[in-house]
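Working notes for the structure below.
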Amino acid sequence: MEVLVKKANLAEFTSEVSVVFHFEGEELGGAAELLDRSSGGLISDVIAGGDFEGKLFQISLIYTRGLIPTVRIIVVGLGKKADFNLEKLRGAFSGAAQQVRKLNLKGFATSMDLGDLTAIVQHLDRVTEAAVEGVFLGLYQFTLFKTVERDKIREIEEFVIVEDREDAWEVIRSAAETAEIISRAVYFARDLVSTPGNEMTPAAMAAKAEELAMTRRNVRVEVLDVPKMRELGMNALLAVARGSDEPASFIILEYRGGRDADPFIALVGKGLTFDSGGISIKPSEKMEEMKSDMAGGAAVIGAIMAVSDMNLPVNVVGLIPATENLPGGNAYKPGDILRSLSGKTIEILTTDAEGRLILADALTYAGKYKPAAIIDIATLTGACVVALGNHVIGMMGTDDRLKGKIRAAADATGERVWEMPLWDDYHELIKSDVADYKNSGGRAGGAITAAAFLSKFVGDYPWVHLDIAGPAWLEKDRPYIPKGASGVGVRLFVQFLRDWRPDQESESRNQNPE
Ligand code: BES
Ligand code: MN
Ligand code: ZN
């Protein structure tokens with residue numbers, strides 16, 4: 001789909017369908033009022049007839065019968081004005097775009113003149129970004145493996161934003177471009193997560209990162225192979241990989257958009273391309289969803305794609321330990337004790353708590369960069385899903401300022417986070433009798449004991465852990481996130497990095513790896 005911003009007036013614009021918006025219980029405003037007036041009251045009629053109230057995401061389709069150049073009007077409800085936010089705007093634009101696709105139309109026109117709305121959420125750039133994001137994200141379909149009746153796959157080709165106010169035009173054009181970049185990065189992450197384990201192997205993930213580095217500015221990639229990891233002593237990661245014939249990869253993606261002296265921000269993403277549980281094998285029901293256990297890694301690669309395309313002035317390193325967790329003949333076993341890259345030893349209670357093991361070595365590796373912050377993202381625990389549900393990211397960490405920044409980015413993007421505590425009590429639960437730590441603290445507080453485990457490998461760097469086990473894979477459609485892979489984390493990271501100000505953060509840290 002192509003997004004076009006055209007200098008024109010919606011009432012005079014020719015299209016198959018024009019999309020406008022209406023708040024429940026308010027007068028028509030913005031482009032809705034404009035189309036209503038120029039068509040002699042087509043929208044007011046529908047409202048007066050009681051067929052359309054403007055309830056959130058309610059949709060009405062109106063034929064204009066030549067009264068104005070557009071063939072149809074779609075009017076979308078925005079709900080009560082007092083309850084409105086950008087998240088609802090994303091959903092409203094997504095709903096409109098999905099409706100246009102259902103009608104089998106190839107394109108639609110709209111306007112960013114949403115009447116009072118622009119005043120409510122203030123910035124035209126943020127409104128436009130949310131709108132374009134809603135359209136892209138809501139229209140996503142995973143069709144890579146469909147070969148039969150491909151002609152039945154409906155796709156919108158053109159989305160036109162019409163604007164005749166000279167000063168607004170450039171703001172809209174630039175915000176639409178940003179939103180498209182971010183959305184394409186989310187698409188990329190969703191595609192990676194949806195691609196099954198037989199195709200999205202650790203090597204395939206590494207190849208995706210390599211391709212990114214080839215096609216993007218200021219991006220460098222390095223992939224550590226198994227012999228190299230062995231040499232470094234990444235034994236926790238290698239233990240998980242031992243049950244599989246697919247060789248593990250450790251992916252390092254560096255984006256340098258900041259000054260040389262600016263420290264790196266390290267993003268660490270779990271890249272478990274298929275999690276069977278290993279010897280502590282999972283029940284077979286829903287096991288196929290464990291192809292999504294690399295969603296953290298996909299989010300990190302997607303975020304780096306977007307920040308490079310946006311040319312953000314930051315230095316970011318993405319670290320993705322990628323492996324399968326299978327119960328092969330050489331698999332690691334309960335009772336095993338591993339010597340991690342940090343030197344700390346880990347007793348294995350269950351081979352299904354593998355994410356924290358591969359992350360342990362990756363977090364230790366992150367220390368080589370002396371980063372200004374470390375943020376890891378992982379489909380880490382079922383316990384997090386039990387605690388918070390499917391639409392929230394579990395957040396734990398050691399640094400309040402960093403948590404505050406993540407929270408701000410979460411609120412801005414709708415990729416919401418909720419903090420869980422990391423009190424000393426939880427650290428007690430992962431002490432081992434025979435090694436330094438054990439890889440499971442039991443059922444109680446499972447999301448937190450997993451984070452407590454990770455904290456042992458972080459060093460003194462400001463650190464936040466994001467558990468995306470809930471939101472990474474959705475079983476039901478959400479307003480602008482079709483069911484399946486959500487791409488969660490990409491938008492959160494990009495927003496966080498857009499807001500990052502290196503001057504406030506750096507205490508003249510050296511950015512070079514040792
Ligand atoms: N990848 C899973 C966590 C997961 C569960 C993600 C459901 C998405 C949906 C992780 O590796 C895992 O198996 N965790 C175990 C840990 C336990 C054995 C301590 C879990 O949550 O059951
Ligand atoms: Mn597991
Ligand atoms: Zn896992």
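Naming scheme: A, B, ... for chains in displayed order of the structure tokens; residues 1 onward per chain; ligands 1 onward as shown.
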
All residues having an atom within 8 Å of ligand 2 (only C-alpha atoms and all ligand atoms) as a PyMOL selection string: chain A and resi 275-278+282+325+351-355+380-381

Limited to all heavy atoms, could you put the picked residues into a file as a compact mmCIF listing (two decimals), in the first residue's frame?
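Generated output (again.txt):
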# COMPACT_ATOMS: atom_id res chain seq x y z
N ASP A 275 10.47 -23.39 20.79
CA ASP A 275 10.62 -23.86 22.17
C ASP A 275 9.70 -25.06 22.43
O ASP A 275 8.51 -24.89 22.69
CB ASP A 275 10.29 -22.71 23.13
CG ASP A 275 10.47 -23.12 24.59
OD1 ASP A 275 11.06 -24.20 24.84
OD2 ASP A 275 10.04 -22.34 25.47
N SER A 276 10.29 -26.25 22.35
CA SER A 276 9.52 -27.46 22.66
C SER A 276 9.51 -27.73 24.17
O SER A 276 8.78 -28.58 24.65
CB SER A 276 10.14 -28.67 21.96
OG SER A 276 11.36 -29.02 22.61
N GLY A 277 10.36 -26.99 24.88
CA GLY A 277 10.56 -27.27 26.30
C GLY A 277 11.80 -28.10 26.55
O GLY A 277 12.30 -28.17 27.66
N GLY A 278 12.28 -28.78 25.49
CA GLY A 278 13.46 -29.64 25.67
C GLY A 278 13.08 -30.92 26.39
O GLY A 278 11.96 -31.41 26.24
N LYS A 282 7.07 -29.67 26.66
CA LYS A 282 5.78 -29.01 26.86
C LYS A 282 4.65 -29.94 26.42
O LYS A 282 4.86 -30.80 25.56
CB LYS A 282 5.71 -27.74 26.00
CG LYS A 282 6.56 -26.59 26.47
CD LYS A 282 6.40 -25.40 25.53
CE LYS A 282 7.25 -24.22 25.97
NZ LYS A 282 6.86 -23.66 27.28
N ASN A 325 15.08 -24.97 21.16
CA ASN A 325 15.12 -25.75 22.40
C ASN A 325 14.42 -27.08 22.14
O ASN A 325 13.19 -27.15 22.15
CB ASN A 325 14.45 -24.97 23.53
CG ASN A 325 14.52 -25.68 24.87
OD1 ASN A 325 15.41 -26.51 25.09
ND2 ASN A 325 13.59 -25.36 25.78
N THR A 351 14.40 -27.79 31.74
CA THR A 351 14.99 -27.31 30.48
C THR A 351 14.02 -26.39 29.74
O THR A 351 14.38 -25.84 28.69
CB THR A 351 15.36 -28.49 29.55
OG1 THR A 351 14.17 -29.20 29.20
CG2 THR A 351 16.35 -29.43 30.24
N ASP A 352 12.81 -26.23 30.28
CA ASP A 352 11.85 -25.32 29.65
C ASP A 352 12.06 -23.87 30.09
O ASP A 352 11.49 -22.96 29.51
CB ASP A 352 10.42 -25.78 29.95
CG ASP A 352 9.41 -25.16 28.99
OD1 ASP A 352 9.84 -24.58 27.98
OD2 ASP A 352 8.20 -25.28 29.25
N ALA A 353 12.87 -23.66 31.12
CA ALA A 353 13.21 -22.27 31.49
C ALA A 353 14.53 -21.94 30.78
O ALA A 353 15.55 -21.67 31.41
CB ALA A 353 13.31 -22.14 33.00
N GLU A 354 14.46 -21.98 29.44
CA GLU A 354 15.66 -21.82 28.61
C GLU A 354 15.93 -20.37 28.23
O GLU A 354 17.07 -19.99 27.97
CB GLU A 354 15.52 -22.68 27.35
CG GLU A 354 14.74 -22.04 26.18
CD GLU A 354 13.27 -21.73 26.51
OE1 GLU A 354 12.72 -22.38 27.41
OE2 GLU A 354 12.70 -20.81 25.89
N GLY A 355 14.85 -19.56 28.20
CA GLY A 355 15.00 -18.17 27.75
C GLY A 355 15.98 -17.42 28.64
O GLY A 355 16.87 -16.71 28.15
N LEU A 380 9.13 -14.58 27.95
CA LEU A 380 9.88 -15.33 28.95
C LEU A 380 9.06 -16.29 29.80
O LEU A 380 9.51 -17.40 30.06
CB LEU A 380 10.66 -14.36 29.85
CG LEU A 380 11.87 -14.99 30.54
CD1 LEU A 380 12.91 -15.48 29.53
CD2 LEU A 380 12.53 -14.04 31.53
N THR A 381 7.88 -15.85 30.25
CA THR A 381 7.17 -16.73 31.19
C THR A 381 5.66 -16.78 30.95
O THR A 381 5.01 -15.75 30.73
CB THR A 381 7.38 -16.27 32.66
OG1 THR A 381 6.77 -14.99 32.85
CG2 THR A 381 8.84 -16.23 33.04

Test item: residues at most 12 Å from A:Leu114, only C-alpha atoms, excluding those fewer than 4 positions along its chain, as a ChimeraX atom specification: /A:19-23,28-34,75-78,81,89,93,110,118-124,127-128,131,163

Nearby residues, ligand 1, 9 Å, only C-alpha atoms and all ligand atoms, as number ranges by chain: A: 272, 274-277, 280, 282, 289-290, 292-294, 325, 349-356, 378-385, 439-443, 446-447, 449-450, 467-473

Residue nearest ligand 3 among A:Asp425, A:Glu324, A:Glu288, A:Glu24 (counting only C-alpha atoms and all ligand atoms):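 Counting only C-alpha atoms and all ligand atoms, the residue closest to ligand 3 is A:Glu324.
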
Atom pair atom CA of A:Val135 / atom CA of A:Val71: separation (Å):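 Pair atom CA of A:Val135 / atom CA of A:Val71 returns 20.6 Å.
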
Computed interatomic separation between atom CA of A:Val226 and atom CA of A:Ile251 (Å):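 If I compute the distance from atom CA of A:Val226 to atom CA of A:Ile251, I get 11.6 Å.
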
Residue set, stretch 311-472 of chain A restricted to alpha helix (DSSP H), as a ChimeraX atom specification: /A:355-366,382-388,400-413,424-428,446-455

Distance in Å - atom CA of A:Ala295 versus atom CA of A:Pro421: 23.7 Å

Contacts of stretch 98-104 of chain A at 8 Å (only C-alpha atoms; same-chain gap of 3+ positions) as a ChimeraX atom specification: /A:17,94-95,107-108,138-139,154-156

Keeping N, CA and C atoms, export the residues of the selection given above as a PDB file, in the first residue's frame.
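Result went into selection05.pdb, see below:
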ATOM      1  N   VAL A  17     -14.076   6.046  -2.156  1.00  0.00           N
ATOM      2  CA  VAL A  17     -14.634   6.235  -0.821  1.00  0.00           C
ATOM      3  C   VAL A  17     -13.798   7.251  -0.034  1.00  0.00           C
ATOM      4  N   SER A  94      -7.877   1.980  11.615  1.00  0.00           N
ATOM      5  CA  SER A  94      -7.737   0.584  11.239  1.00  0.00           C
ATOM      6  C   SER A  94      -9.087   0.005  10.830  1.00  0.00           C
ATOM      7  N   GLY A  95     -10.119   0.286  11.623  1.00  0.00           N
ATOM      8  CA  GLY A  95     -11.459  -0.216  11.329  1.00  0.00           C
ATOM      9  C   GLY A  95     -11.948   0.280   9.977  1.00  0.00           C
ATOM     10  N   GLY A 107      -8.699   1.594  -2.777  1.00  0.00           N
ATOM     11  CA  GLY A 107      -8.098   2.738  -2.125  1.00  0.00           C
ATOM     12  C   GLY A 107      -9.132   3.591  -1.419  1.00  0.00           C
ATOM     13  N   PHE A 108      -8.671   4.509  -0.604  1.00  0.00           N
ATOM     14  CA  PHE A 108      -9.593   5.444   0.023  1.00  0.00           C
ATOM     15  C   PHE A 108      -8.898   6.766   0.294  1.00  0.00           C
ATOM     16  N   GLY A 138      -3.417  -2.329  11.003  1.00  0.00           N
ATOM     17  CA  GLY A 138      -4.693  -3.038  10.945  1.00  0.00           C
ATOM     18  C   GLY A 138      -4.876  -3.841   9.665  1.00  0.00           C
ATOM     19  N   LEU A 139      -4.165  -3.446   8.606  1.00  0.00           N
ATOM     20  CA  LEU A 139      -4.327  -4.134   7.325  1.00  0.00           C
ATOM     21  C   LEU A 139      -3.359  -5.296   7.144  1.00  0.00           C
ATOM     22  N   ARG A 154      -7.179  -9.832  -0.723  1.00  0.00           N
ATOM     23  CA  ARG A 154      -7.516  -8.437  -1.023  1.00  0.00           C
ATOM     24  C   ARG A 154      -6.469  -7.507  -0.425  1.00  0.00           C
ATOM     25  N   GLU A 155      -6.070  -6.560  -1.237  1.00  0.00           N
ATOM     26  CA  GLU A 155      -5.089  -5.616  -0.728  1.00  0.00           C
ATOM     27  C   GLU A 155      -5.413  -4.191  -1.160  1.00  0.00           C
ATOM     28  N   ILE A 156      -5.375  -3.264  -0.213  1.00  0.00           N
ATOM     29  CA  ILE A 156      -5.588  -1.859  -0.546  1.00  0.00           C
ATOM     30  C   ILE A 156      -4.301  -1.323  -1.138  1.00  0.00           C
TER      31      ILE A 156
END

Members of stretch 55-201 of chain A assigned strand (DSSP E) by DSSP, as a PDB file with all heavy atoms, in the first residue's frame:
ATOM      1  N   ILE A  59     -19.441   1.991  12.283  1.00  0.00           N
ATOM      2  CA  ILE A  59     -19.169   2.403  10.907  1.00  0.00           C
ATOM      3  C   ILE A  59     -20.463   2.504  10.113  1.00  0.00           C
ATOM      4  O   ILE A  59     -21.337   1.647  10.224  1.00  0.00           O
ATOM      5  CB  ILE A  59     -18.214   1.393  10.220  1.00  0.00           C
ATOM      6  CG1 ILE A  59     -16.796   1.572  10.759  1.00  0.00           C
ATOM      7  CG2 ILE A  59     -18.232   1.558   8.697  1.00  0.00           C
ATOM      8  CD1 ILE A  59     -15.761   0.678  10.135  1.00  0.00           C
ATOM      9  N   SER A  60     -20.584   3.571   9.333  1.00  0.00           N
ATOM     10  CA  SER A  60     -21.732   3.689   8.446  1.00  0.00           C
ATOM     11  C   SER A  60     -21.232   3.979   7.033  1.00  0.00           C
ATOM     12  O   SER A  60     -20.298   4.760   6.831  1.00  0.00           O
ATOM     13  CB  SER A  60     -22.643   4.821   8.937  1.00  0.00           C
ATOM     14  OG  SER A  60     -23.831   4.824   8.190  1.00  0.00           O
ATOM     15  N   LEU A  61     -21.861   3.323   6.053  1.00  0.00           N
ATOM     16  CA  LEU A  61     -21.482   3.494   4.649  1.00  0.00           C
ATOM     17  C   LEU A  61     -22.594   4.250   3.929  1.00  0.00           C
ATOM     18  O   LEU A  61     -23.765   3.868   4.003  1.00  0.00           O
ATOM     19  CB  LEU A  61     -21.283   2.111   4.025  1.00  0.00           C
ATOM     20  CG  LEU A  61     -21.066   2.043   2.512  1.00  0.00           C
ATOM     21  CD1 LEU A  61     -19.745   2.682   2.121  1.00  0.00           C
ATOM     22  CD2 LEU A  61     -21.110   0.584   2.052  1.00  0.00           C
ATOM     23  N   ILE A  62     -22.240   5.340   3.271  1.00  0.00           N
ATOM     24  CA  ILE A  62     -23.237   6.187   2.628  1.00  0.00           C
ATOM     25  C   ILE A  62     -22.857   6.398   1.160  1.00  0.00           C
ATOM     26  O   ILE A  62     -21.719   6.767   0.862  1.00  0.00           O
ATOM     27  CB  ILE A  62     -23.290   7.581   3.321  1.00  0.00           C
ATOM     28  CG1 ILE A  62     -23.561   7.418   4.822  1.00  0.00           C
ATOM     29  CG2 ILE A  62     -24.351   8.470   2.662  1.00  0.00           C
ATOM     30  CD1 ILE A  62     -23.263   8.680   5.624  1.00  0.00           C
ATOM     31  N   TYR A  63     -23.812   6.148   0.257  1.00  0.00           N
ATOM     32  CA  TYR A  63     -23.575   6.447  -1.168  1.00  0.00           C
ATOM     33  C   TYR A  63     -23.938   7.900  -1.442  1.00  0.00           C
ATOM     34  O   TYR A  63     -24.963   8.388  -0.960  1.00  0.00           O
ATOM     35  CB  TYR A  63     -24.390   5.499  -2.037  1.00  0.00           C
ATOM     36  CG  TYR A  63     -23.697   4.163  -2.187  1.00  0.00           C
ATOM     37  CD1 TYR A  63     -23.766   3.200  -1.183  1.00  0.00           C
ATOM     38  CD2 TYR A  63     -22.917   3.899  -3.309  1.00  0.00           C
ATOM     39  CE1 TYR A  63     -23.093   1.995  -1.293  1.00  0.00           C
ATOM     40  CE2 TYR A  63     -22.238   2.695  -3.434  1.00  0.00           C
ATOM     41  CZ  TYR A  63     -22.339   1.744  -2.428  1.00  0.00           C
ATOM     42  OH  TYR A  63     -21.659   0.566  -2.543  1.00  0.00           O
ATOM     43  N   ARG A  72     -18.532   7.144  -2.288  1.00  0.00           N
ATOM     44  CA  ARG A  72     -19.086   6.729  -0.998  1.00  0.00           C
ATOM     45  C   ARG A  72     -18.456   7.549   0.124  1.00  0.00           C
ATOM     46  O   ARG A  72     -17.339   8.042  -0.017  1.00  0.00           O
ATOM     47  CB  ARG A  72     -18.763   5.259  -0.691  1.00  0.00           C
ATOM     48  CG  ARG A  72     -19.195   4.251  -1.731  1.00  0.00           C
ATOM     49  CD  ARG A  72     -18.483   2.921  -1.459  1.00  0.00           C
ATOM     50  NE  ARG A  72     -18.739   1.926  -2.494  1.00  0.00           N
ATOM     51  CZ  ARG A  72     -18.095   1.885  -3.676  1.00  0.00           C
ATOM     52  NH1 ARG A  72     -17.153   2.774  -3.968  1.00  0.00           N
ATOM     53  NH2 ARG A  72     -18.384   0.947  -4.564  1.00  0.00           N
ATOM     54  N   ILE A  73     -19.160   7.617   1.226  1.00  0.00           N
ATOM     55  CA  ILE A  73     -18.583   8.145   2.465  1.00  0.00           C
ATOM     56  C   ILE A  73     -18.619   7.010   3.478  1.00  0.00           C
ATOM     57  O   ILE A  73     -19.635   6.314   3.606  1.00  0.00           O
ATOM     58  CB  ILE A  73     -19.410   9.323   3.027  1.00  0.00           C
ATOM     59  CG1 ILE A  73     -19.421  10.507   2.058  1.00  0.00           C
ATOM     60  CG2 ILE A  73     -18.870   9.757   4.390  1.00  0.00           C
ATOM     61  CD1 ILE A  73     -20.428  11.598   2.442  1.00  0.00           C
ATOM     62  N   ILE A  74     -17.498   6.810   4.166  1.00  0.00           N
ATOM     63  CA  ILE A  74     -17.532   5.945   5.348  1.00  0.00           C
ATOM     64  C   ILE A  74     -17.353   6.869   6.538  1.00  0.00           C
ATOM     65  O   ILE A  74     -16.383   7.639   6.591  1.00  0.00           O
ATOM     66  CB  ILE A  74     -16.423   4.873   5.318  1.00  0.00           C
ATOM     67  CG1 ILE A  74     -16.811   3.718   4.384  1.00  0.00           C
ATOM     68  CG2 ILE A  74     -16.159   4.319   6.724  1.00  0.00           C
ATOM     69  CD1 ILE A  74     -15.776   2.616   4.284  1.00  0.00           C
ATOM     70  N   VAL A  75     -18.324   6.834   7.455  1.00  0.00           N
ATOM     71  CA  VAL A  75     -18.162   7.647   8.657  1.00  0.00           C
ATOM     72  C   VAL A  75     -17.938   6.697   9.827  1.00  0.00           C
ATOM     73  O   VAL A  75     -18.615   5.676   9.961  1.00  0.00           O
ATOM     74  CB  VAL A  75     -19.340   8.648   8.852  1.00  0.00           C
ATOM     75  CG1 VAL A  75     -20.676   7.983   8.762  1.00  0.00           C
ATOM     76  CG2 VAL A  75     -19.207   9.392  10.177  1.00  0.00           C
ATOM     77  N   VAL A  76     -16.907   7.010  10.584  1.00  0.00           N
ATOM     78  CA  VAL A  76     -16.474   6.125  11.669  1.00  0.00           C
ATOM     79  C   VAL A  76     -16.691   6.817  13.015  1.00  0.00           C
ATOM     80  O   VAL A  76     -16.332   7.992  13.172  1.00  0.00           O
ATOM     81  CB  VAL A  76     -14.972   5.780  11.532  1.00  0.00           C
ATOM     82  CG1 VAL A  76     -14.549   4.778  12.600  1.00  0.00           C
ATOM     83  CG2 VAL A  76     -14.663   5.241  10.148  1.00  0.00           C
ATOM     84  N   GLY A  77     -17.254   6.098  13.967  1.00  0.00           N
ATOM     85  CA  GLY A  77     -17.480   6.652  15.292  1.00  0.00           C
ATOM     86  C   GLY A  77     -16.204   6.686  16.119  1.00  0.00           C
ATOM     87  O   GLY A  77     -15.411   5.754  16.086  1.00  0.00           O
ATOM     88  N   GLY A 107      -8.699   1.594  -2.777  1.00  0.00           N
ATOM     89  CA  GLY A 107      -8.098   2.738  -2.125  1.00  0.00           C
ATOM     90  C   GLY A 107      -9.132   3.591  -1.419  1.00  0.00           C
ATOM     91  O   GLY A 107     -10.330   3.379  -1.585  1.00  0.00           O
ATOM     92  N   PHE A 108      -8.671   4.509  -0.604  1.00  0.00           N
ATOM     93  CA  PHE A 108      -9.593   5.444   0.023  1.00  0.00           C
ATOM     94  C   PHE A 108      -8.898   6.766   0.294  1.00  0.00           C
ATOM     95  O   PHE A 108      -7.675   6.852   0.320  1.00  0.00           O
ATOM     96  CB  PHE A 108     -10.207   4.870   1.303  1.00  0.00           C
ATOM     97  CG  PHE A 108      -9.252   4.633   2.447  1.00  0.00           C
ATOM     98  CD1 PHE A 108      -9.204   5.530   3.520  1.00  0.00           C
ATOM     99  CD2 PHE A 108      -8.431   3.532   2.473  1.00  0.00           C
ATOM    100  CE1 PHE A 108      -8.343   5.296   4.596  1.00  0.00           C
ATOM    101  CE2 PHE A 108      -7.567   3.298   3.552  1.00  0.00           C
ATOM    102  CZ  PHE A 108      -7.525   4.183   4.606  1.00  0.00           C
ATOM    103  N   ALA A 109      -9.733   7.796   0.461  1.00  0.00           N
ATOM    104  CA  ALA A 109      -9.212   9.125   0.768  1.00  0.00           C
ATOM    105  C   ALA A 109      -9.691   9.523   2.151  1.00  0.00           C
ATOM    106  O   ALA A 109     -10.732   9.051   2.615  1.00  0.00           O
ATOM    107  CB  ALA A 109      -9.715  10.124  -0.261  1.00  0.00           C
ATOM    108  N   THR A 110      -8.918  10.343   2.820  1.00  0.00           N
ATOM    109  CA  THR A 110      -9.349  10.869   4.112  1.00  0.00           C
ATOM    110  C   THR A 110      -8.688  12.221   4.340  1.00  0.00           C
ATOM    111  O   THR A 110      -7.915  12.684   3.498  1.00  0.00           O
ATOM    112  CB  THR A 110      -9.024   9.878   5.248  1.00  0.00           C
ATOM    113  OG1 THR A 110      -9.688  10.298   6.437  1.00  0.00           O
ATOM    114  CG2 THR A 110      -7.530   9.812   5.519  1.00  0.00           C
ATOM    115  N   SER A 111      -9.020  12.832   5.447  1.00  0.00           N
ATOM    116  CA  SER A 111      -8.429  14.127   5.784  1.00  0.00           C
ATOM    117  C   SER A 111      -7.989  14.081   7.247  1.00  0.00           C
ATOM    118  O   SER A 111      -8.595  13.380   8.053  1.00  0.00           O
ATOM    119  CB  SER A 111      -9.473  15.223   5.586  1.00  0.00           C
ATOM    120  OG  SER A 111      -9.150  16.343   6.384  1.00  0.00           O
ATOM    121  N   GLU A 158      -3.869   2.069  -2.268  1.00  0.00           N
ATOM    122  CA  GLU A 158      -3.595   3.496  -2.120  1.00  0.00           C
ATOM    123  C   GLU A 158      -4.409   4.117  -0.989  1.00  0.00           C
ATOM    124  O   GLU A 158      -5.617   3.888  -0.891  1.00  0.00           O
ATOM    125  CB  GLU A 158      -3.974   4.175  -3.439  1.00  0.00           C
ATOM    126  CG  GLU A 158      -3.296   5.476  -3.666  1.00  0.00           C
ATOM    127  CD  GLU A 158      -3.655   5.991  -5.060  1.00  0.00           C
ATOM    128  OE1 GLU A 158      -4.701   6.663  -5.181  1.00  0.00           O
ATOM    129  OE2 GLU A 158      -2.907   5.709  -5.998  1.00  0.00           O
ATOM    130  N   PHE A 159      -3.739   4.881  -0.172  1.00  0.00           N
ATOM    131  CA  PHE A 159      -4.371   5.574   0.940  1.00  0.00           C
ATOM    132  C   PHE A 159      -3.987   7.040   0.778  1.00  0.00           C
ATOM    133  O   PHE A 159      -2.817   7.400   0.863  1.00  0.00           O
ATOM    134  CB  PHE A 159      -3.867   4.941   2.245  1.00  0.00           C
ATOM    135  CG  PHE A 159      -4.085   5.737   3.501  1.00  0.00           C
ATOM    136  CD1 PHE A 159      -5.239   6.474   3.712  1.00  0.00           C
ATOM    137  CD2 PHE A 159      -3.122   5.714   4.508  1.00  0.00           C
ATOM    138  CE1 PHE A 159      -5.430   7.180   4.882  1.00  0.00           C
ATOM    139  CE2 PHE A 159      -3.308   6.416   5.683  1.00  0.00           C
ATOM    140  CZ  PHE A 159      -4.458   7.149   5.870  1.00  0.00           C
ATOM    141  N   VAL A 160      -4.981   7.884   0.486  1.00  0.00           N
ATOM    142  CA  VAL A 160      -4.687   9.288   0.176  1.00  0.00           C
ATOM    143  C   VAL A 160      -5.133  10.193   1.318  1.00  0.00           C
ATOM    144  O   VAL A 160      -6.293  10.141   1.743  1.00  0.00           O
ATOM    145  CB  VAL A 160      -5.415   9.741  -1.112  1.00  0.00           C
ATOM    146  CG1 VAL A 160      -4.979  11.146  -1.503  1.00  0.00           C
ATOM    147  CG2 VAL A 160      -5.161   8.770  -2.251  1.00  0.00           C
ATOM    148  N   ILE A 161      -4.218  10.990   1.807  1.00  0.00           N
ATOM    149  CA  ILE A 161      -4.585  12.016   2.781  1.00  0.00           C
ATOM    150  C   ILE A 161      -4.678  13.333   2.014  1.00  0.00           C
ATOM    151  O   ILE A 161      -3.729  13.746   1.360  1.00  0.00           O
ATOM    152  CB  ILE A 161      -3.549  12.129   3.914  1.00  0.00           C
ATOM    153  CG1 ILE A 161      -3.383  10.777   4.611  1.00  0.00           C
ATOM    154  CG2 ILE A 161      -3.958  13.214   4.907  1.00  0.00           C
ATOM    155  CD1 ILE A 161      -2.249  10.747   5.624  1.00  0.00           C
ATOM    156  N   VAL A 162      -5.852  13.929   2.085  1.00  0.00           N
ATOM    157  CA  VAL A 162      -6.104  15.149   1.337  1.00  0.00           C
ATOM    158  C   VAL A 162      -5.968  16.339   2.285  1.00  0.00           C
ATOM    159  O   VAL A 162      -6.526  16.316   3.379  1.00  0.00           O
ATOM    160  CB  VAL A 162      -7.528  15.090   0.728  1.00  0.00           C
ATOM    161  CG1 VAL A 162      -7.874  16.392   0.049  1.00  0.00           C
ATOM    162  CG2 VAL A 162      -7.624  13.923  -0.249  1.00  0.00           C
ATOM    163  N   GLU A 163      -5.217  17.333   1.859  1.00  0.00           N
ATOM    164  CA  GLU A 163      -4.991  18.483   2.741  1.00  0.00           C
ATOM    165  C   GLU A 163      -4.797  19.730   1.898  1.00  0.00           C
ATOM    166  O   GLU A 163      -3.960  19.742   1.010  1.00  0.00           O
ATOM    167  CB  GLU A 163      -3.732  18.215   3.600  1.00  0.00           C
ATOM    168  CG  GLU A 163      -3.344  19.360   4.511  1.00  0.00           C
ATOM    169  CD  GLU A 163      -4.471  19.733   5.476  1.00  0.00           C
ATOM    170  OE1 GLU A 163      -4.871  18.867   6.267  1.00  0.00           O
ATOM    171  OE2 GLU A 163      -4.947  20.893   5.419  1.00  0.00           O
TER     172      GLU A 163
END

Nearest candidate to A:Val193 (options A:Val316, A:Ala299, A:Met396, A:Leu238; using only C-alpha atoms):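 With only C-alpha atoms as the atom set, the closest residue is A:Ala299.
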
Of the listed residues A:Lys270, A:Arg498, A:Arg416, A:Lys286, that which approaches ligand 3 most closely, counting only C-alpha atoms and all ligand atoms: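 Nearest candidate to ligand 3 out of A:Lys270, A:Arg498, A:Arg416, A:Lys286: A:Lys270.
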
From A:Ser174, A:Asn85, A:Ser340, A:Thr147, residue lying nearest A:Leu237 [only C-alpha atoms]: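 Smallest distance to A:Leu237 is found for A:Ser340.
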
Pick from A:Met287, A:Val148, A:Ile430, A:Leu492 nearest to ligand 3, counting only C-alpha atoms and all ligand atoms: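 Nearest to ligand 3: A:Met287.
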
Non-local contacts of A:Ala176 (7 Å; only C-alpha atoms; under 3 positions in same chain excluded) as a PyMOL selection string: chain A and resi 128-129+132+172-173+179-180

Shell of 9 Å around A:Ile481, only C-alpha atoms, local chain residues under 3 positions omitted, as a list of chain:residue names: A:Gly91, A:Ser94, A:Gly134, A:Leu137, A:Gly138, A:Leu139, A:Tyr140, A:Leu474, A:Lys476, A:Asp477, A:Arg478, A:Gly484, A:Ala485, A:Ser486, A:Gly487

Pick from A:Pro321, A:Gly271, A:Gly414, A:Gly233 nearest to ligand 3, counting only C-alpha atoms and all ligand atoms: A:Gly271

Residues near A:Leu402, cut-off 8 Å, only C-alpha atoms, skip fewer than 4 positions along chain, as JSON, numbers by chain: {"A": [373, 406, 462, 463, 464]}

Contacts of A:Leu253 within 10 Å, only C-alpha atoms, excl. fewer than 5 positions in-chain, as a count of residues only: 20
